[in-house]
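Text of the file start20.pdb, holding PDB, C-alpha atoms and all ligand atoms:
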```pdb
ATOM      1  CA  MET A  17      58.062   0.479  12.788
ATOM      2  CA  LEU A  18      56.248  -1.647  10.248
ATOM      3  CA  LYS A  19      53.572  -2.430  12.797
ATOM      4  CA  GLN A  20      53.135   1.238  13.549
ATOM      5  CA  LEU A  21      52.913   2.000   9.889
ATOM      6  CA  LEU A  22      50.339  -0.724   9.348
ATOM      7  CA  SER A  23      48.197   0.377  12.247
ATOM      8  CA  VAL A  24      47.872   3.790  10.642
ATOM      9  CA  PHE A  25      46.251   2.102   7.684
ATOM     10  CA  LEU A  26      44.220  -0.400   9.656
ATOM     11  CA  GLU A  27      42.828   1.970  12.236
ATOM     12  CA  SER A  28      40.180   4.451  11.336
ATOM     13  CA  ARG A  29      38.655   7.234  13.365
ATOM     14  CA  CYS A  30      35.719   6.737  15.697
ATOM     15  CA  PRO A  31      32.874   8.718  14.072
ATOM     16  CA  PHE A  32      31.745   9.990  17.481
ATOM     17  CA  CYS A  33      34.928  11.211  19.130
ATOM     18  CA  GLN A  34      37.576  10.990  16.353
ATOM     19  CA  ARG A  35      39.911   8.772  18.387
ATOM     20  CA  THR A  36      41.656   6.158  16.246
ATOM     21  CA  THR A  37      40.229   2.677  16.638
ATOM     22  CA  PRO A  38      40.438  -0.669  14.843
ATOM     23  CA  GLU A  39      36.665  -1.091  15.359
ATOM     24  CA  THR A  40      33.695   0.853  13.985
ATOM     25  CA  LEU A  41      33.344   2.723  17.299
ATOM     26  CA  CYS A  42      36.027   3.153  19.955
ATOM     27  CA  SER A  43      35.440   1.154  23.148
ATOM     28  CA  TYR A  44      34.485   4.291  25.076
ATOM     29  CA  CYS A  45      31.739   5.287  22.607
ATOM     30  CA  LEU A  46      30.550   1.691  22.215
ATOM     31  CA  GLN A  47      30.007   1.582  25.961
ATOM     32  CA  LYS A  48      28.047   4.829  25.766
ATOM     33  CA  LEU A  49      25.943   3.333  22.991
ATOM     34  CA  PHE A  50      25.108   0.378  25.229
ATOM     35  CA  SER A  51      23.756   2.752  27.875
ATOM     36  CA  HIS A  52      20.724   3.250  25.593
ATOM     37  CA  GLN A  53      19.987  -0.450  25.284
ATOM     38  CA  LEU A  54      16.615  -1.584  26.587
ATOM     39  CA  ASN A  55      16.618  -4.268  29.212
ATOM     40  CA  GLU A  56      14.716  -7.483  28.644
ATOM     41  CA  TYR A  57      11.692  -6.281  30.608
ATOM     42  CA  ASP A  58      11.182  -3.379  28.234
ATOM     43  CA  ARG A  59      10.879  -5.588  25.189
ATOM     44  CA  PRO A  60       9.336  -6.930  23.124
ATOM     45  CA  SER A  61       6.036  -5.100  23.115
ATOM     46  CA  LEU A  62       2.894  -6.146  21.398
ATOM     47  CA  GLU A  63       1.510  -3.488  19.093
ATOM     48  CA  HIS A  64      -1.031  -3.840  16.338
ATOM     49  CA  ASP A  65      -1.079  -7.575  17.168
ATOM     50  CA  LEU A  66       2.552  -7.713  16.155
ATOM     51  CA  SER A  67       5.559  -8.327  18.276
ATOM     52  CA  ILE A  68       8.037  -5.454  18.119
ATOM     53  CA  PHE A  69      11.546  -6.192  19.263
ATOM     54  CA  ALA A  70      13.654  -3.072  19.845
ATOM     55  CA  TRP A  71      17.322  -2.977  20.757
ATOM     56  CA  GLY A  72      17.371   0.445  22.362
ATOM     57  CA  LYS A  73      15.811   3.811  23.003
ATOM     58  CA  TYR A  74      15.967   6.427  20.283
ATOM     59  CA  GLU A  75      18.082   8.914  22.220
ATOM     60  CA  GLY A  76      21.648  10.095  22.830
ATOM     61  CA  GLN A  77      24.431   8.154  21.147
ATOM     62  CA  LEU A  78      22.043   5.669  19.561
ATOM     63  CA  LYS A  79      20.100   8.465  17.880
ATOM     64  CA  ARG A  80      23.402   9.953  16.786
ATOM     65  CA  ALA A  81      24.637   6.648  15.372
ATOM     66  CA  ILE A  82      21.488   6.304  13.255
ATOM     67  CA  ALA A  83      21.745   9.891  12.021
ATOM     68  CA  LEU A  84      25.434   9.512  11.118
ATOM     69  CA  MET A  85      24.703   6.280   9.274
ATOM     70  CA  LYS A  86      21.863   7.741   7.229
ATOM     71  CA  TYR A  87      22.838  11.327   6.598
ATOM     72  CA  ASN A  88      26.600  11.251   6.892
ATOM     73  CA  ASN A  89      27.151   8.267   4.640
ATOM     74  CA  GLN A  90      28.438   5.836   7.281
ATOM     75  CA  PRO A  91      26.831   2.506   6.439
ATOM     76  CA  GLU A  92      29.411   0.671   8.594
ATOM     77  CA  LEU A  93      27.503   1.978  11.622
ATOM     78  CA  GLY A  94      24.461   0.136  10.240
ATOM     79  CA  SER A  95      26.455  -3.098  10.198
ATOM     80  CA  LEU A  96      27.415  -2.587  13.831
ATOM     81  CA  LEU A  97      23.802  -1.849  14.829
ATOM     82  CA  GLY A  98      22.563  -4.902  12.922
ATOM     83  CA  GLN A  99      25.079  -7.076  14.730
ATOM     84  CA  LEU A 100      24.017  -5.735  18.151
ATOM     85  CA  LEU A 101      20.355  -6.249  17.247
ATOM     86  CA  GLY A 102      21.043  -9.808  16.058
ATOM     87  CA  GLU A 103      22.950 -10.729  19.214
ATOM     88  CA  ALA A 104      20.213  -9.299  21.457
ATOM     89  CA  TRP A 105      17.563 -11.129  19.417
ATOM     90  CA  LEU A 106      19.341 -14.456  19.880
ATOM     91  CA  ASP A 107      19.820 -13.766  23.593
ATOM     92  CA  SER A 108      16.107 -13.075  24.003
ATOM     93  CA  GLY A 109      15.222 -16.614  22.923
ATOM     94  CA  LEU A 110      11.967 -15.316  21.385
ATOM     95  CA  VAL A 111      12.262 -17.666  18.472
ATOM     96  CA  LYS A 112      13.540 -21.228  18.733
ATOM     97  CA  SER A 113      17.036 -21.404  17.343
ATOM     98  CA  ALA A 114      16.077 -23.983  14.732
ATOM     99  CA  GLN A 115      13.207 -21.925  13.327
ATOM    100  CA  LYS A 116      13.723 -20.546   9.873
ATOM    101  CA  VAL A 117      12.907 -16.886   9.364
ATOM    102  CA  SER A 118      12.907 -14.579   6.347
ATOM    103  CA  VAL A 119      14.106 -11.097   7.199
ATOM    104  CA  ILE A 120      12.687  -8.299   5.073
ATOM    105  CA  PRO A 121      14.154  -4.803   5.456
ATOM    106  CA  ILE A 122      11.670  -1.952   4.996
ATOM    107  CA  PRO A 123      12.177  -0.906   1.373
ATOM    108  CA  LEU A 124      13.178   2.583   0.287
ATOM    109  CA  HIS A 125      11.748   4.182  -2.806
ATOM    110  CA  SER A 126      14.163   3.899  -5.747
ATOM    111  CA  GLN A 127      14.635   7.676  -5.852
ATOM    112  CA  LYS A 128      15.614   7.854  -2.193
ATOM    113  CA  LEU A 129      17.898   4.870  -2.673
ATOM    114  CA  LYS A 130      19.605   6.727  -5.494
ATOM    115  CA  ASP A 131      19.997   9.882  -3.376
ATOM    116  CA  ARG A 132      21.329   8.100  -0.276
ATOM    117  CA  GLY A 133      23.270   5.391  -2.080
ATOM    118  CA  PHE A 134      22.117   2.641   0.289
ATOM    119  CA  ASN A 135      19.083   1.449   2.211
ATOM    120  CA  GLN A 136      19.983   1.657   5.896
ATOM    121  CA  ALA A 137      17.405  -1.000   6.812
ATOM    122  CA  GLU A 138      18.981  -3.384   4.325
ATOM    123  CA  ILE A 139      22.470  -2.860   5.750
ATOM    124  CA  ILE A 140      21.194  -3.477   9.271
ATOM    125  CA  ALA A 141      19.252  -6.535   8.054
ATOM    126  CA  LYS A 142      22.273  -7.990   6.293
ATOM    127  CA  SER A 143      24.397  -7.927   9.398
ATOM    128  CA  PHE A 144      21.416  -9.037  11.546
ATOM    129  CA  CYS A 145      21.169 -12.111   9.287
ATOM    130  CA  GLN A 146      24.900 -12.773   9.592
ATOM    131  CA  SER A 147      24.488 -12.866  13.381
ATOM    132  CA  THR A 148      21.278 -14.909  13.452
ATOM    133  CA  GLY A 149      21.698 -17.156  10.421
ATOM    134  CA  TYR A 150      18.301 -16.036   9.075
ATOM    135  CA  SER A 151      17.686 -15.615   5.409
ATOM    136  CA  LEU A 152      17.714 -12.085   4.000
ATOM    137  CA  ASN A 153      15.078 -11.168   1.460
ATOM    138  CA  SER A 154      15.359  -7.608   0.189
ATOM    139  CA  LYS A 155      13.176  -8.160  -2.847
ATOM    140  CA  ALA A 156       9.924  -9.322  -1.280
ATOM    141  CA  LEU A 157       8.493  -5.812  -0.988
ATOM    142  CA  ILE A 158       8.744  -2.777  -3.221
ATOM    143  CA  ARG A 159       8.005   0.828  -2.360
ATOM    144  CA  VAL A 160       6.156   2.061  -5.427
ATOM    145  CA  ARG A 161       5.422   5.551  -4.177
ATOM    146  CA  ASN A 162       7.815   8.046  -2.653
ATOM    147  CA  THR A 163       6.054   9.121   0.523
ATOM    148  CA  LYS A 164       6.327  12.278   2.584
ATOM    149  CA  ALA A 165       8.460  12.339   5.732
ATOM    150  CA  MET A 166       6.247  11.161   8.566
ATOM    151  CA  PHE A 167       7.570  12.858  11.683
ATOM    152  CA  ASP A 168       5.104  15.757  11.711
ATOM    153  CA  LEU A 169       2.051  13.792  10.595
ATOM    154  CA  SER A 170      -0.834  12.649  12.780
ATOM    155  CA  PRO A 171      -1.579   8.895  13.004
ATOM    156  CA  GLU A 172      -4.433   9.260  10.489
ATOM    157  CA  GLU A 173      -2.234  11.220   8.106
ATOM    158  CA  ARG A 174       0.513   8.619   8.436
ATOM    159  CA  THR A 175      -1.831   5.812   7.453
ATOM    160  CA  LYS A 176      -3.201   7.798   4.510
ATOM    161  CA  ASN A 177       0.295   8.761   3.411
ATOM    162  CA  LEU A 178       1.272   5.102   3.104
ATOM    163  CA  GLN A 179      -1.785   3.702   1.401
ATOM    164  CA  GLY A 180      -0.782   1.968  -1.786
ATOM    165  CA  ALA A 181       2.873   2.868  -1.203
ATOM    166  CA  PHE A 182       4.036  -0.760  -1.235
ATOM    167  CA  ARG A 183       3.468  -3.838  -3.290
ATOM    168  CA  ILE A 184       4.707  -7.359  -3.202
ATOM    169  CA  GLY A 185       7.941  -7.927  -5.140
ATOM    170  CA  ASN A 186       9.009 -10.777  -7.365
ATOM    171  CA  LYS A 187      10.809 -12.846  -4.742
ATOM    172  CA  LEU A 188       8.414 -14.170  -2.129
ATOM    173  CA  PRO A 189       9.786 -15.088   1.291
ATOM    174  CA  LYS A 190      10.245 -18.790   1.972
ATOM    175  CA  TYR A 191       9.699 -18.615   5.724
ATOM    176  CA  PRO A 192       7.623 -16.604   8.230
ATOM    177  CA  VAL A 193       8.668 -12.969   8.009
ATOM    178  CA  LEU A 194      10.453 -10.693  10.433
ATOM    179  CA  LEU A 195      10.386  -7.089   9.203
ATOM    180  CA  LEU A 196      13.420  -4.989   9.963
ATOM    181  CA  ASP A 197      13.881  -1.235  10.289
ATOM    182  CA  ASP A 198      16.132   1.320  11.950
ATOM    183  CA  ILE A 199      13.560   3.368  13.893
ATOM    184  CA  TYR A 200      10.125   2.491  15.208
ATOM    185  CA  THR A 201       7.781   5.389  15.924
ATOM    186  CA  ALA A 202       4.076   4.814  15.464
ATOM    187  CA  GLY A 203       4.393   1.546  13.598
ATOM    188  CA  THR A 204       2.384   2.759  10.602
ATOM    189  CA  THR A 205       4.853   1.486   8.022
ATOM    190  CA  ILE A 206       5.213  -1.904   9.663
ATOM    191  CA  LYS A 207       1.443  -2.206   9.954
ATOM    192  CA  GLU A 208       0.962  -1.344   6.284
ATOM    193  CA  LEU A 209       3.655  -3.794   5.144
ATOM    194  CA  THR A 210       2.180  -6.527   7.304
ATOM    195  CA  LYS A 211      -1.163  -5.990   5.555
ATOM    196  CA  VAL A 212       0.448  -6.272   2.134
ATOM    197  CA  LEU A 213       2.193  -9.515   3.114
ATOM    198  CA  GLN A 214      -0.853 -11.044   4.778
ATOM    199  CA  ARG A 215      -3.010 -10.222   1.773
ATOM    200  CA  ASN A 216      -0.599 -12.452  -0.109
ATOM    201  CA  LYS A 217      -0.940 -15.239   2.461
ATOM    202  CA  ILE A 218       2.492 -14.636   3.932
ATOM    203  CA  LYS A 219       2.918 -15.077   7.674
ATOM    204  CA  VAL A 220       4.470 -12.203   9.618
ATOM    205  CA  ILE A 221       5.911 -12.940  13.056
ATOM    206  CA  GLY A 222       6.832  -9.375  13.972
ATOM    207  CA  ALA A 223       9.413  -6.674  13.524
ATOM    208  CA  ALA A 224      12.887  -6.035  14.865
ATOM    209  CA  VAL A 225      14.109  -2.454  15.075
ATOM    210  CA  VAL A 226      17.280  -0.808  16.294
ATOM    211  CA  ALA A 227      15.579   1.992  18.197
ATOM    212  CA  LYS A 228      12.154   2.745  19.494
ATOM    213  CA  THR A 229      11.020   6.317  20.050
ATOM    214  CA  ARG A 230       8.293   5.554  22.575
ATOM    215  CA  ILE A 231       8.445   2.870  25.193
ATOM    216  CA  ASP A 232       5.313   3.108  27.258
ATOM    217  CA  ASP A 233       2.508   2.792  24.736
TER     218      ASP A 233
HETATM  219 ZN    ZN A 301      34.720   7.214  20.209
END
```
Just dump the structure as structure tokens.
Ligand SMILES: [Zn+2]
Amino acid sequence: MLKQLLSVFLESRCPFCQRTTPETLCSYCLQKLFSHQLNEYDRPSLEHDLSIFAWGKYEGQLKRAIALMKYNNQPELGSLLGQLLGEAWLDSGLVKSAQKVSVIPIPLHSQKLKDRGFNQAEIIAKSFCQSTGYSLNSKALIRVRNTKAMFDLSPEERTKNLQGAFRIGNKLPKYPVLLLDDIYTAGTTIKELTKVLQRNKIKVIGAAVVAKTRIDD
């Protein structure tokens, strides 16, 4: 009886299917999430001279998980995604296990942070660092300008939209940098941030993202 009573408190509902589960997602939905994972031949890709490591394809349950996390106030999904990304990163063996890395989540503008209550990239990065043992640095970059949503912009417009949007923060990374974000589309933000870091003589090894919208280019 006590056990039953306790489980009511300990178990929460799966945000996808509403079944009760002691985990963030029930085992059925977690399995569905894994169906969107990229296999090792699909990643990483080299874009803009940077290595992009993506966990999965931006589709189906993975797309839904990211949307629920960001717009339905479910940061715990970000922790789960960060953990999956971290485990896949370690499995890939891209970086020697002894190498030290500073992980920088893509910063949100302070106004957006206030509206949403959390930076999804930072939540993913935090749990990614717990899995990998890397050092988290959320203060190395600052978004000084609130930029327009990018989804309907052309590549040229995206680049223009981001010019001067970021500056270096007051805590410089100690080690080579891995940028971290939830979704990778055209890579404009990552490219711009890499420029800002390199201008300050900081080495960037690449970016890790939860989901990639395009695979073939
Ligand atoms: Zn479920």
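Minimum distance to A:Ala165 across A:Arg35, A:Lys116, A:Lys128, A:Lys219 (counting only C-alpha atoms) occurs at A:Lys128.
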message: Residues contacting ligand ZN 301 (chain A) - anything with an atom at most 6 Å away, using only C-alpha atoms and all ligand atoms - can you give me those as a list in words?
response: Cys30, Phe32, Cys33, Arg35, Leu41, Cys42, Tyr44 and Cys45 of chain A
- request: Write out as an NGL selection string the residues lying within 12 Å of A:Asp168, counting all atoms listed in the file and excluding same-chain residues fewer than 3 positions away.
  value: :A and (164-165 or 171-174 or 177 or 201-202)
- prompt: What residues come out when you apply the PyMOL selection byres (((chain A and resi 181) around 9) and not hetatm) to this file, written as a PyMOL selection string?
  reply: chain A and resi 158-163+177-180+182-183+208
field: Close residues, A:Gln77 itself excluded, 10 Å, only C-alpha atoms, min 3 positions apart in chain, as a PyMOL selection string
entry: chain A and resi 32+45-52+73-74+80-83
Would you save the residues of that selection, restricted to C-alpha atoms, as a PDB file, keeping the file's coordinate frame?
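again-v4.pdb, freshly written:
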```
ATOM      1  CA  PHE A  32      31.745   9.990  17.481  1.00  0.00           C
ATOM      2  CA  CYS A  45      31.739   5.287  22.607  1.00  0.00           C
ATOM      3  CA  LEU A  46      30.550   1.691  22.215  1.00  0.00           C
ATOM      4  CA  GLN A  47      30.007   1.582  25.961  1.00  0.00           C
ATOM      5  CA  LYS A  48      28.047   4.829  25.766  1.00  0.00           C
ATOM      6  CA  LEU A  49      25.943   3.333  22.991  1.00  0.00           C
ATOM      7  CA  PHE A  50      25.108   0.378  25.229  1.00  0.00           C
ATOM      8  CA  SER A  51      23.756   2.752  27.875  1.00  0.00           C
ATOM      9  CA  HIS A  52      20.724   3.250  25.593  1.00  0.00           C
ATOM     10  CA  LYS A  73      15.811   3.811  23.003  1.00  0.00           C
ATOM     11  CA  TYR A  74      15.967   6.427  20.283  1.00  0.00           C
ATOM     12  CA  ARG A  80      23.402   9.953  16.786  1.00  0.00           C
ATOM     13  CA  ALA A  81      24.637   6.648  15.372  1.00  0.00           C
ATOM     14  CA  ILE A  82      21.488   6.304  13.255  1.00  0.00           C
ATOM     15  CA  ALA A  83      21.745   9.891  12.021  1.00  0.00           C
TER      16      ALA A  83
END
```
- prompt: Using only C-alpha atoms, which of the listed residues (A:Ala104, A:Val212, A:Ile199, A:Leu194) sits closest to A:Thr229?
  reply: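 Answer, going by the shortest atom-to-atom distance: A:Ile199.
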task: Could you jot down the atom CA of A:Val226 to atom CA of A:Gly133 separation for me, Å, one decimal place?
output: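 It comes out at 20.3 Å.
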query: To one decimal place, how far is atom CA of A:Ser95 from atom CA of A:Ile139 in Å?
result: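 Computing the Euclidean distance for atom CA of A:Ser95 and atom CA of A:Ile139 yields 6.0 Å.
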query: Any chance you could work out the residue set of the PyMOL selection byres (((chain A and resi 102) around 9) and not hetatm) here, as a PyMOL selection string?
result: chain A and resi 97-101+103-107+141+143-148
task: Tell me, as a ChimeraX atom specification, which residues lie within 9 Å of A:Val193, counting only C-alpha atoms; anything in the same chain fewer than 2 positions away does not count.
output: /A:117-120,189-191,195,213,218-223
Axis-aligned box for stretch 164-183 of chain A, 4 Å per side, centre and edges in Å as lines of an AutoDock Vina configuration file:
```
center_x = 2.0
center_y = 6.0
center_z = 4.9
size_x = 20.9
size_y = 27.6
size_z = 24.3
```
- prompt: Hey, can you check how far atom CA of A:Lys155 sits from atom CA of A:Leu188?
  reply: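 Those two atoms sit 7.7 Å apart.
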task: Using all atoms listed in the file, pick whichever of A:Ala227, A:Leu157, A:Ala137, A:Ile184 has the shortest atom-to-atom distance to A:Leu78.
output: A:Ala227
message: Restricting the calculation to all atoms listed in the file: of A:Ala114, A:Gln136, A:Gly109, A:Asp131, which residue gets closest to A:Leu96?
response: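 Looking only at the distances to A:Leu96, the closest residue turns out to be A:Gln136.
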Within 6 Å of (23.4, 6.2, 5.2), all atoms listed in the file: residues as an mmCIF file with C-alpha atoms, keeping the file's coordinate frame?
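Output contents, as saved in part.cif:
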```cif
data_model
loop_
_atom_site.group_PDB
_atom_site.id
_atom_site.type_symbol
_atom_site.label_atom_id
_atom_site.label_comp_id
_atom_site.auth_asym_id
_atom_site.auth_seq_id
_atom_site.Cartn_x
_atom_site.Cartn_y
_atom_site.Cartn_z
ATOM 1 C CA MET A 85 24.703 6.280 9.274
ATOM 2 C CA LYS A 86 21.863 7.741 7.229
ATOM 3 C CA TYR A 87 22.838 11.327 6.598
ATOM 4 C CA ASN A 89 27.151 8.267 4.640
ATOM 5 C CA GLN A 90 28.438 5.836 7.281
ATOM 6 C CA PRO A 91 26.831 2.506 6.439
ATOM 7 C CA GLN A 136 19.983 1.657 5.896
#
```
